[in-house]
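Structure below is structure-v7.csv: CSV, C-alpha atoms and all ligand atoms.
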```csv
chain,number,residue,atom,x,y,z
A,803,MET,CA,20.8,-17.6,18.5
A,804,GLU,CA,18.9,-20.7,19.0
A,805,GLN,CA,17.0,-21.8,15.9
A,806,PRO,CA,13.3,-22.6,16.3
A,807,GLU,CA,12.1,-26.1,15.6
A,808,PRO,CA,11.1,-26.1,11.9
A,809,THR,CA,7.6,-27.2,12.9
A,810,THR,CA,6.9,-24.4,15.3
A,811,PRO,CA,5.8,-20.9,14.5
A,812,LEU,CA,8.6,-18.3,13.9
A,813,PRO,CA,9.2,-15.9,16.7
A,814,SER,CA,7.3,-12.6,16.3
A,815,PRO,CA,9.5,-9.5,15.8
A,816,PRO,CA,9.4,-6.8,18.6
A,817,LEU,CA,7.0,-3.9,18.4
A,818,PRO,CA,8.2,-1.3,15.9
A,819,PRO,CA,9.4,2.0,17.4
A,820,GLY,CA,6.7,4.3,18.6
A,821,ALA,CA,4.0,1.6,18.5
A,822,ALA,CA,3.7,1.2,22.3
A,823,GLU,CA,3.0,4.9,22.7
A,824,VAL,CA,0.0,4.6,20.4
A,825,LEU,CA,-1.3,1.1,21.1
A,826,ARG,CA,-2.7,1.7,24.5
A,827,ALA,CA,-6.1,1.4,26.0
A,828,ASP,CA,-6.2,5.0,27.3
A,829,HIS,CA,-5.4,6.6,24.0
A,830,PRO,CA,-7.6,9.7,23.5
A,831,LEU,CA,-8.6,8.8,20.0
A,832,LEU,CA,-10.0,5.5,21.1
A,833,ALA,CA,-12.0,7.3,23.8
A,834,GLU,CA,-13.3,9.7,21.1
A,835,TYR,CA,-14.5,6.9,18.8
A,836,THR,CA,-16.2,5.2,21.8
A,837,SER,CA,-18.2,8.3,22.6
A,838,ARG,CA,-19.0,9.0,18.9
A,839,TYR,CA,-20.3,5.5,18.3
A,840,ARG,CA,-22.5,5.4,21.4
A,841,GLY,CA,-26.2,5.3,20.4
A,842,HIS,CA,-25.5,4.8,16.6
A,843,PRO,CA,-28.2,2.5,15.2
A,844,ALA,CA,-25.6,0.1,13.8
A,845,ALA,CA,-23.5,0.0,16.9
A,846,THR,CA,-25.3,-2.9,18.6
A,847,SER,CA,-23.1,-5.8,19.2
A,848,SER,CA,-23.6,-9.5,20.0
A,849,GLN,CA,-20.4,-11.4,19.8
A,850,TRP,CA,-18.3,-8.3,20.1
A,851,SER,CA,-19.2,-7.5,23.7
A,852,ARG,CA,-16.8,-5.6,26.0
A,853,ASP,CA,-15.7,-8.9,27.6
A,854,TYR,CA,-15.1,-10.6,24.2
A,855,ILE,CA,-12.9,-7.7,23.1
A,856,SER,CA,-10.9,-7.4,26.2
A,857,SER,CA,-10.4,-11.2,26.5
A,858,SER,CA,-9.6,-11.9,22.8
A,859,ILE,CA,-7.6,-8.9,21.7
A,860,ASP,CA,-4.2,-7.7,22.9
A,861,MET,CA,-3.8,-4.2,21.5
A,862,GLN,CA,-0.1,-4.5,20.8
A,863,GLN,CA,-0.4,-8.0,19.3
A,864,PHE,CA,-3.6,-7.3,17.3
A,865,ARG,CA,-2.4,-9.5,14.4
A,866,GLY,CA,-2.0,-12.5,16.7
A,867,HIS,CA,-4.4,-15.3,17.5
A,868,SER,CA,-7.4,-13.1,18.3
A,869,GLY,CA,-11.0,-12.2,17.5
A,870,TYR,CA,-9.7,-10.6,14.3
A,871,VAL,CA,-7.9,-13.6,12.7
A,872,TRP,CA,-7.9,-16.8,14.8
A,873,GLN,CA,-4.7,-18.7,14.1
A,874,GLN,CA,-4.5,-21.6,16.6
A,875,TRP,CA,-7.5,-23.8,15.8
A,876,GLY,CA,-5.4,-26.9,15.4
A,877,GLU,CA,-3.2,-25.3,12.8
A,878,ASP,CA,0.4,-26.6,12.3
A,879,VAL,CA,3.2,-26.3,9.9
A,880,PHE,CA,1.8,-29.1,7.7
A,881,ARG,CA,-1.6,-27.3,7.2
A,882,TYR,CA,0.2,-24.1,6.5
A,883,GLY,CA,2.5,-25.9,4.0
A,884,LEU,CA,-0.4,-27.6,2.2
A,885,THR,CA,-2.3,-24.3,2.0
A,886,THR,CA,0.7,-22.3,0.9
A,887,TYR,CA,1.4,-24.7,-2.0
A,888,PHE,CA,-2.3,-24.9,-3.0
A,889,THR,CA,-2.6,-21.1,-2.9
A,890,ARG,CA,0.5,-20.7,-5.0
A,891,LEU,CA,-0.8,-23.1,-7.6
A,892,HIS,CA,-4.0,-21.0,-7.9
A,893,ASP,CA,-2.4,-17.6,-7.6
A,894,ARG,CA,-3.4,-16.4,-11.1
A,895,LEU,CA,-2.7,-12.8,-10.1
A,896,GLY,CA,0.9,-13.5,-9.0
A,897,LEU,CA,0.2,-12.1,-5.5
A,898,PHE,CA,2.9,-14.1,-3.8
A,899,GLU,CA,5.4,-12.0,-5.8
A,900,ARG,CA,3.9,-8.8,-4.6
A,901,LEU,CA,2.9,-9.4,-1.0
A,902,ASP,CA,4.9,-10.6,1.9
A,903,GLU,CA,4.6,-11.2,5.6
A,904,ASP,CA,6.9,-9.9,8.4
A,905,GLY,CA,5.0,-11.4,11.5
A,906,LEU,CA,4.7,-7.9,13.1
A,907,PHE,CA,2.1,-7.3,15.8
A,908,GLY,CA,2.0,-10.9,16.9
A,909,ALA,CA,1.0,-12.6,13.6
A,910,GLU,CA,1.6,-16.3,13.8
A,911,THR,CA,3.9,-17.4,11.0
A,912,TYR,CA,5.7,-20.4,9.7
A,913,ASP,CA,8.8,-20.8,7.5
A,914,ILE,CA,7.6,-22.6,4.3
A,915,ASP,CA,10.7,-23.1,2.1
A,916,GLY,CA,12.2,-19.8,3.0
A,917,ALA,CA,9.0,-17.7,2.9
A,918,ARG,CA,7.4,-16.4,6.1
A,919,ILE,CA,3.7,-17.4,5.8
A,920,GLY,CA,0.7,-16.5,8.0
A,921,ARG,CA,-3.1,-16.7,7.8
A,922,ASP,CA,-3.4,-12.9,7.0
A,923,LEU,CA,-1.3,-13.4,3.9
A,924,LEU,CA,-2.9,-16.7,2.7
A,925,ASP,CA,-6.5,-15.6,3.3
A,926,SER,CA,-5.9,-12.3,1.6
A,927,ILE,CA,-4.3,-13.9,-1.5
A,928,THR,CA,-7.2,-16.3,-1.8
A,929,GLU,CA,-9.8,-13.6,-1.5
A,930,LEU,CA,-8.1,-11.3,-4.0
A,931,ASN,CA,-7.7,-14.1,-6.5
A,932,PHE,CA,-11.5,-14.9,-6.1
A,933,LEU,CA,-12.2,-11.2,-6.8
A,934,GLY,CA,-9.8,-11.3,-9.8
A,935,GLU,CA,-11.7,-14.2,-11.3
A,936,GLU,CA,-15.2,-12.9,-10.6
A,937,LEU,CA,-14.8,-9.1,-10.9
A,938,ASP,CA,-11.5,-8.5,-12.7
A,939,ILE,CA,-10.4,-6.5,-9.8
A,940,SER,CA,-6.8,-6.2,-11.1
A,941,ARG,CA,-7.7,-4.5,-14.4
A,942,ARG,CA,-9.9,-1.6,-13.7
A,943,ASP,CA,-10.4,1.2,-11.2
A,944,PHE,CA,-12.1,-0.4,-8.3
A,945,THR,CA,-13.5,0.8,-5.0
A,946,ILE,CA,-14.0,-1.5,-2.1
A,947,LEU,CA,-16.0,-0.8,1.0
A,948,ASP,CA,-15.1,-3.2,3.9
A,949,ILE,CA,-17.7,-3.5,6.6
A,950,GLY,CA,-16.2,-4.9,9.7
A,951,ALA,CA,-12.7,-4.4,8.4
A,952,GLY,CA,-10.9,-5.6,11.6
A,953,TYR,CA,-7.4,-4.2,11.8
A,954,GLY,CA,-7.3,-3.5,8.0
A,955,ARG,CA,-5.9,-6.9,6.9
A,956,LEU,CA,-7.5,-7.0,3.4
A,957,ALA,CA,-7.2,-3.2,2.9
A,958,HIS,CA,-3.5,-3.4,3.4
A,959,ARG,CA,-3.2,-6.4,1.0
A,960,ALA,CA,-5.5,-5.1,-1.7
A,961,THR,CA,-3.9,-1.6,-1.9
A,962,THR,CA,-0.4,-3.1,-1.8
A,963,ALA,CA,-1.2,-5.5,-4.6
A,964,PHE,CA,-3.1,-3.2,-6.9
A,965,ALA,CA,-2.5,0.5,-7.8
A,966,ASN,CA,-6.0,0.7,-9.2
A,967,VAL,CA,-7.9,-0.2,-5.9
A,968,ASP,CA,-9.3,2.4,-3.5
A,969,TYR,CA,-10.4,1.0,-0.2
A,970,LEU,CA,-12.7,2.2,2.5
A,971,CYS,CA,-12.7,0.5,5.9
A,972,THR,CA,-15.5,0.9,8.4
A,973,ASP,CA,-16.7,-0.8,11.6
A,974,VAL,CA,-19.0,-0.5,14.6
A,975,ILE,CA,-16.3,-1.4,17.2
A,976,PRO,CA,-14.2,1.6,18.2
A,977,LEU,CA,-11.1,-0.5,18.8
A,978,SER,CA,-11.3,-1.8,15.2
A,979,THR,CA,-11.5,1.7,13.8
A,980,PHE,CA,-8.6,2.7,16.0
A,981,LEU,CA,-6.4,-0.2,15.2
A,982,SER,CA,-7.1,-0.2,11.4
A,983,ARG,CA,-6.3,3.5,11.3
A,984,TYR,CA,-3.0,2.9,13.1
A,985,TYR,CA,-2.1,-0.2,11.0
A,986,LEU,CA,-2.9,1.2,7.6
A,987,ASP,CA,-1.0,4.4,8.4
A,988,PHE,CA,1.9,2.2,9.7
A,989,ARG,CA,1.9,0.2,6.4
A,990,GLY,CA,1.8,3.4,4.3
A,991,ALA,CA,-1.5,2.2,2.7
A,992,THR,CA,-2.4,5.6,1.3
A,993,ARG,CA,-5.2,4.4,-0.9
A,994,ALA,CA,-6.9,2.8,2.1
A,995,ARG,CA,-9.0,5.1,4.3
A,996,VAL,CA,-10.7,4.3,7.6
A,997,VAL,CA,-14.1,5.9,7.8
A,998,PRO,CA,-15.5,6.2,11.3
A,999,LEU,CA,-19.0,4.7,11.7
A,1000,ASP,CA,-20.7,8.1,12.1
A,1001,GLU,CA,-19.2,9.4,8.8
A,1002,ILE,CA,-19.8,6.4,6.6
A,1003,ALA,CA,-23.3,7.3,5.3
A,1004,GLY,CA,-22.0,10.8,4.3
A,1005,GLU,CA,-18.9,9.3,2.7
A,1006,LEU,CA,-21.0,6.9,0.4
A,1007,ALA,CA,-23.5,9.6,-0.7
A,1008,GLY,CA,-23.0,10.1,-4.5
A,1009,ARG,CA,-20.1,7.7,-4.7
A,1010,HIS,CA,-19.8,4.5,-6.7
A,1011,VAL,CA,-18.6,1.5,-4.9
A,1012,ASP,CA,-17.8,-1.6,-6.9
A,1013,LEU,CA,-17.9,-4.0,-4.1
A,1014,ALA,CA,-18.8,-4.2,-0.4
A,1015,VAL,CA,-17.0,-7.0,1.5
A,1016,ASN,CA,-18.0,-8.5,4.7
A,1017,ILE,CA,-15.5,-11.1,5.9
A,1018,HIS,CA,-16.5,-13.0,9.1
A,1019,SER,CA,-18.3,-9.9,10.4
A,1020,PHE,CA,-22.0,-10.2,9.7
A,1021,SER,CA,-21.7,-13.7,11.3
A,1022,GLU,CA,-20.7,-11.9,14.5
A,1023,ALA,CA,-23.3,-9.2,14.4
A,1024,PRO,CA,-27.0,-9.0,15.4
A,1025,ILE,CA,-29.7,-8.5,12.8
A,1026,SER,CA,-30.5,-5.0,14.0
A,1027,SER,CA,-27.1,-3.9,13.0
A,1028,ILE,CA,-27.0,-6.0,9.8
A,1029,ARG,CA,-30.3,-4.4,8.6
A,1030,TRP,CA,-28.7,-1.0,9.0
A,1031,TRP,CA,-25.7,-2.0,6.8
A,1032,LEU,CA,-28.0,-3.6,4.2
A,1033,ASP,CA,-30.1,-0.5,4.0
A,1034,LEU,CA,-26.9,1.6,3.6
A,1035,ILE,CA,-25.7,-0.6,0.7
A,1036,ALA,CA,-29.1,-0.7,-1.0
A,1037,GLU,CA,-29.6,3.1,-0.8
A,1038,ASN,CA,-26.2,3.8,-2.2
A,1039,ASP,CA,-24.5,2.9,-5.5
A,1040,VAL,CA,-22.9,-0.4,-4.4
A,1041,GLU,CA,-22.7,-3.0,-7.2
A,1042,HIS,CA,-21.6,-6.2,-5.5
A,1043,LEU,CA,-21.5,-7.7,-2.0
A,1044,MET,CA,-19.1,-10.4,-1.0
A,1045,ILE,CA,-19.8,-12.2,2.3
A,1046,VAL,CA,-17.7,-14.9,4.0
A,1047,PRO,CA,-19.7,-16.3,6.8
A,1048,ASN,CA,-18.5,-18.3,9.8
A,1049,THR,CA,-21.2,-20.8,9.3
A,1050,ASP,CA,-20.2,-22.8,6.1
A,1051,THR,CA,-22.9,-22.5,3.5
A,1052,ARG,CA,-25.4,-20.6,5.7
A,1053,LEU,CA,-25.6,-16.8,6.1
A,1054,LEU,CA,-26.6,-16.3,9.6
A,1055,SER,CA,-26.5,-13.4,12.1
A,1056,LYS,CA,-25.4,-13.8,15.7
A,1057,GLU,CA,-28.0,-12.7,18.3
A,1058,LEU,CA,-27.4,-12.0,22.0
A,1059,GLU,CA,-30.5,-14.0,22.8
A,1060,GLY,CA,-32.6,-16.1,20.5
A,1061,PRO,CA,-32.0,-17.9,17.3
A,1062,LYS,CA,-29.7,-16.6,14.5
A,1063,VAL,CA,-31.5,-15.0,11.6
A,1064,ASP,CA,-31.1,-16.1,8.0
A,1065,LEU,CA,-29.7,-13.2,6.0
A,1066,ARG,CA,-30.2,-14.4,2.5
A,1067,PRO,CA,-33.9,-13.4,2.1
A,1068,LEU,CA,-33.0,-9.9,3.5
A,1069,ILE,CA,-30.2,-9.5,1.0
A,1070,GLU,CA,-32.4,-10.5,-1.8
A,1071,ALA,CA,-35.2,-8.2,-0.7
A,1072,LYS,CA,-32.7,-5.4,-0.9
A,1073,GLY,CA,-32.2,-6.0,-4.6
A,1074,PHE,CA,-29.3,-8.4,-4.8
A,1075,ARG,CA,-29.1,-11.8,-6.3
A,1076,LEU,CA,-26.6,-14.6,-5.6
A,1077,ALA,CA,-24.0,-14.6,-8.4
A,1078,ARG,CA,-21.6,-17.1,-7.1
A,1079,MET,CA,-21.1,-19.3,-4.1
A,1080,ARG,CA,-18.1,-21.6,-3.8
A,1081,PRO,CA,-15.8,-23.3,-1.2
A,1082,LYS,CA,-12.9,-21.0,-0.2
A,1083,TYR,CA,-10.5,-23.7,-1.5
A,1084,PRO,CA,-11.9,-25.5,-4.5
A,1085,SER,CA,-10.5,-28.8,-3.4
A,1086,GLU,CA,-12.3,-31.0,-0.9
A,1087,PHE,CA,-8.9,-32.1,0.5
A,1088,VAL,CA,-7.6,-28.6,1.1
A,1089,GLN,CA,-11.0,-27.4,2.5
A,1090,ARG,CA,-10.6,-30.2,5.1
A,1091,HIS,CA,-6.9,-30.3,5.7
A,1092,GLY,CA,-5.7,-26.8,4.9
A,1093,ILE,CA,-5.6,-24.1,7.6
A,1094,HIS,CA,-8.9,-23.5,9.2
A,1095,GLY,CA,-10.0,-27.0,7.9
A,1096,ARG,CA,-12.1,-27.6,11.0
A,1097,PHE,CA,-14.3,-24.8,10.0
A,1098,PRO,CA,-14.5,-25.0,6.2
A,1099,MET,CA,-15.4,-21.6,4.7
A,1100,TYR,CA,-17.4,-20.5,1.6
A,1101,TYR,CA,-17.4,-17.4,-0.4
A,1102,PHE,CA,-20.7,-15.7,-1.4
A,1103,LEU,CA,-20.9,-13.0,-4.1
A,1104,PHE,CA,-24.1,-11.1,-4.6
A,1105,ALA,CA,-24.7,-8.7,-7.6
A,1106,ARG,CA,-27.3,-5.9,-7.8
A,1107,ARG,CA,-30.3,-7.0,-9.9
A,1201,LIG,C1,-13.6,-11.8,12.8
A,1201,LIG,S1,-13.3,-10.0,12.6
A,1201,LIG,C2,-12.9,-10.0,10.9
A,1201,LIG,C3,-12.1,-8.8,10.5
A,1201,LIG,C4,-11.8,-8.6,9.0
A,1201,LIG,N1,-13.0,-8.6,8.2
A,1201,LIG,C5,-10.9,-9.7,8.5
A,1201,LIG,O1,-11.4,-10.6,7.9
A,1201,LIG,O2,-9.7,-9.6,8.8
A,1201,LIG,C6,-14.9,-9.4,12.8
A,1201,LIG,C7,-15.0,-7.9,12.5
A,1201,LIG,O3,-16.4,-7.5,12.6
A,1201,LIG,C8,-16.5,-6.3,13.3
A,1201,LIG,N2,-17.9,-6.2,13.8
A,1201,LIG,C9,-18.4,-6.6,15.0
A,1201,LIG,N3,-19.7,-6.2,15.1
A,1201,LIG,C10,-20.0,-5.6,13.9
A,1201,LIG,C11,-21.2,-5.0,13.4
A,1201,LIG,N4,-22.4,-5.0,14.1
A,1201,LIG,N5,-21.2,-4.5,12.2
A,1201,LIG,C12,-20.0,-4.5,11.5
A,1201,LIG,N6,-18.9,-5.0,11.9
A,1201,LIG,C13,-18.9,-5.6,13.1
A,1201,LIG,C14,-15.4,-6.4,14.4
A,1201,LIG,O4,-15.1,-5.1,14.9
A,1201,LIG,C15,-14.3,-7.0,13.5
A,1201,LIG,O5,-13.6,-6.0,12.9
```
Just give me the structure as structure tokens.
Amino acid sequence: MEQPEPTTPLPSPPLPPGAAEVLRADHPLLAEYTSRYRGHPAATSSQWSRDYISSSIDMQQFRGHSGYVWQQWGEDVFRYGLTTYFTRLHDRLGLFERLDEDGLFGAETYDIDGARIGRDLLDSITELNFLGEELDISRRDFTILDIGAGYGRLAHRATTAFANVDYLCTDVIPLSTFLSRYYLDFRGATRARVVPLDEIAGELAGRHVDLAVNIHSFSEAPISSIRWWLDLIAENDVEHLMIVPNTDTRLLSKELEGPKVDLRPLIEAKGFRLARMRPKYPSEFVQRHGIHGRFPMYYFLFARR
């Protein structure tokens, strides 16, 4: 077999058996979510229009370069190499020993000294170490609610890494609910549960949630939907809120028409205070030259007052 050039991504493995029968646009469960979500007050979308979804997401390659996890914004093996070594150096929780990458479903991966590395793995390790530092996630029973959970990237990583973490995924986009349900089941992530949009309010009633996370999703949603989510968080027993916006140090919505709305005053009005804000990579060099360096990211952590 011809070996790939060491500087190009590794070939993605073929679809696992049975995947093609489920990952199809005419699956009845996808149609069911679509009809159940119609008219829900949170289900207004801006960036996630029908066109955006169909042009950016290939259902069978949902871990590829797509609206879920963009992977080809000028990335190359050197950025991946730098980010891998930096992430290893700061991996206080030892997650590289517990998590791996197989490149399935189109994930773009590189061989870095014998390890298959992709953005899903690196981002998840960095986010979980942040939560380890700030909230001691590895040492106590911990429930996470992921709003805009994509295909279940962080749910898979968090529940694989920690036996003490329970994870709820929710979303307003039927395809995301459908794919995350398939993916988490495929990975055997039994402590991660996908809760359809029309069941999430009932699921949270009377339940303690240590942390709600919102990674690159409020930045892609209109304020009408974000208000619904913030009300839901405020009305329930949710202790912390982590947000990773697309817009560096600003927390902004994405509107179909008109200017983006600043979310920070709304979050504060709902009874949360900013506990921490820091660059994703606490190194100016890695922020700029690591993966995603063209769009340096920041982590925000809010705590209930
Ligand atoms: C860039 S993807 C990020 C996925 C995931 N958080 C991750 O980091 O892997 C954005 C996610 O936001 C979801 N989304 C779009 N509009 C939303 C809304 N109004 N409320 C909540 N989630 C939304 C999409 O379905 C998608 O799962």
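Proximity ranking of A:Pro819, A:Gly905, A:Gly869, A:Pro1061 relative to ligand LIG 1201 (chain A) places A:Gly869 first, based on all atoms listed in the file.
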Residues within 10 Å of Leu981 (chain A), all atoms listed in the file, excluding chain neighbours under 2 positions, as a list in words: Val824, Leu825, Leu832, Met861, Gln862, Phe864, Gly952, Tyr953, Gly954, Pro976, Leu977, Ser978, Thr979, Arg983, Tyr984, Tyr985, Leu986, Asp987 and Val996 of chain A
Option closest in space to ligand LIG 1201 (chain A), from A:Ala1023, A:Ala821, A:Leu999, A:Ala909 [counting only C-alpha atoms and all ligand atoms]: A:Ala1023
Expected answer as a PyMOL selection string: residues within 9 Å of ligand LIG 1201 (chain A), all atoms listed in the file: chain A and resi 844-851+855+868-872+922+925-926+948-956+972-979+982+1015-1028+1030-1031+1046+1048
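Within 9 Å of Arg918 (chain A), once all atoms listed in the file are used and residues closer than 6 positions along the same chain are dropped, the contacting residues are Leu812, Asp902, Glu903, Asp904, Gly905, Thr911 and Tyr912 of chain A.
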Pairwise distance for CA of His958 (chain A) and CA of Leu1043 (chain A), rounded to one decimal in Å: 19.3 Å
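One distance worth recording is that between CA of Leu1068 (chain A) and CA of Thr1049 (chain A), which is 17.1 Å.
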Atom-to-atom span, CA of Ala1077 (chain A) and CA of Phe1102 (chain A), Å: 7.8 Å
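If you measure from each of A:Arg890, A:Arg865, A:Arg993, A:His1010 to Phe964 (chain A) using only C-alpha atoms, the closest one turns out to be A:Arg993.
The closest residue to Ala1071 (chain A), picked from A:Leu891, A:Ala1036, A:Ile1002, A:Ala833 and counting all atoms listed in the file, is A:Ala1036.
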Selected residue, from A:Ala822, A:Leu947, A:Leu831, A:Leu906, that lies nearest to Arg989 (chain A) when counting all atoms listed in the file: A:Leu906
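With all atoms listed in the file as the basis for measurement, A:Asp938 is the residue among A:Asp853, A:Asp938, A:Glu823, A:Asp1033 that approaches Arg894 (chain A) most closely.
Taking only C-alpha atoms, the non-local environment of Ser1085 (chain A) within 10 Å (same-chain residues fewer than 6 positions away omitted) comprises A:Phe888, A:His1091, A:Gly1092.
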Close residues, Ala1007 (chain A) itself excluded, 12 Å, all atoms listed in the file, min 4 positions apart in chain, as an mmCIF file with C-alpha atoms, in the coordinates of the input:
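That gives us selection34.cif:
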```cif
data_model
loop_
_atom_site.group_PDB
_atom_site.id
_atom_site.type_symbol
_atom_site.label_atom_id
_atom_site.label_comp_id
_atom_site.auth_asym_id
_atom_site.auth_seq_id
_atom_site.Cartn_x
_atom_site.Cartn_y
_atom_site.Cartn_z
ATOM 1 C CA GLU A 1001 -19.200 9.400 8.800
ATOM 2 C CA ILE A 1002 -19.800 6.400 6.600
ATOM 3 C CA ALA A 1003 -23.300 7.300 5.300
ATOM 4 C CA VAL A 1011 -18.600 1.500 -4.900
ATOM 5 C CA LEU A 1034 -26.900 1.600 3.600
ATOM 6 C CA ILE A 1035 -25.700 -0.600 0.700
ATOM 7 C CA ALA A 1036 -29.100 -0.700 -1.000
ATOM 8 C CA GLU A 1037 -29.600 3.100 -0.800
ATOM 9 C CA ASN A 1038 -26.200 3.800 -2.200
ATOM 10 C CA ASP A 1039 -24.500 2.900 -5.500
ATOM 11 C CA VAL A 1040 -22.900 -0.400 -4.400
#
```
Exercise: Glu834 (chain A) partners within 10 Å, only C-alpha atoms, chain neighbours under 5 positions left out, as a PyMOL selection string: chain A and resi 829+839+976+980
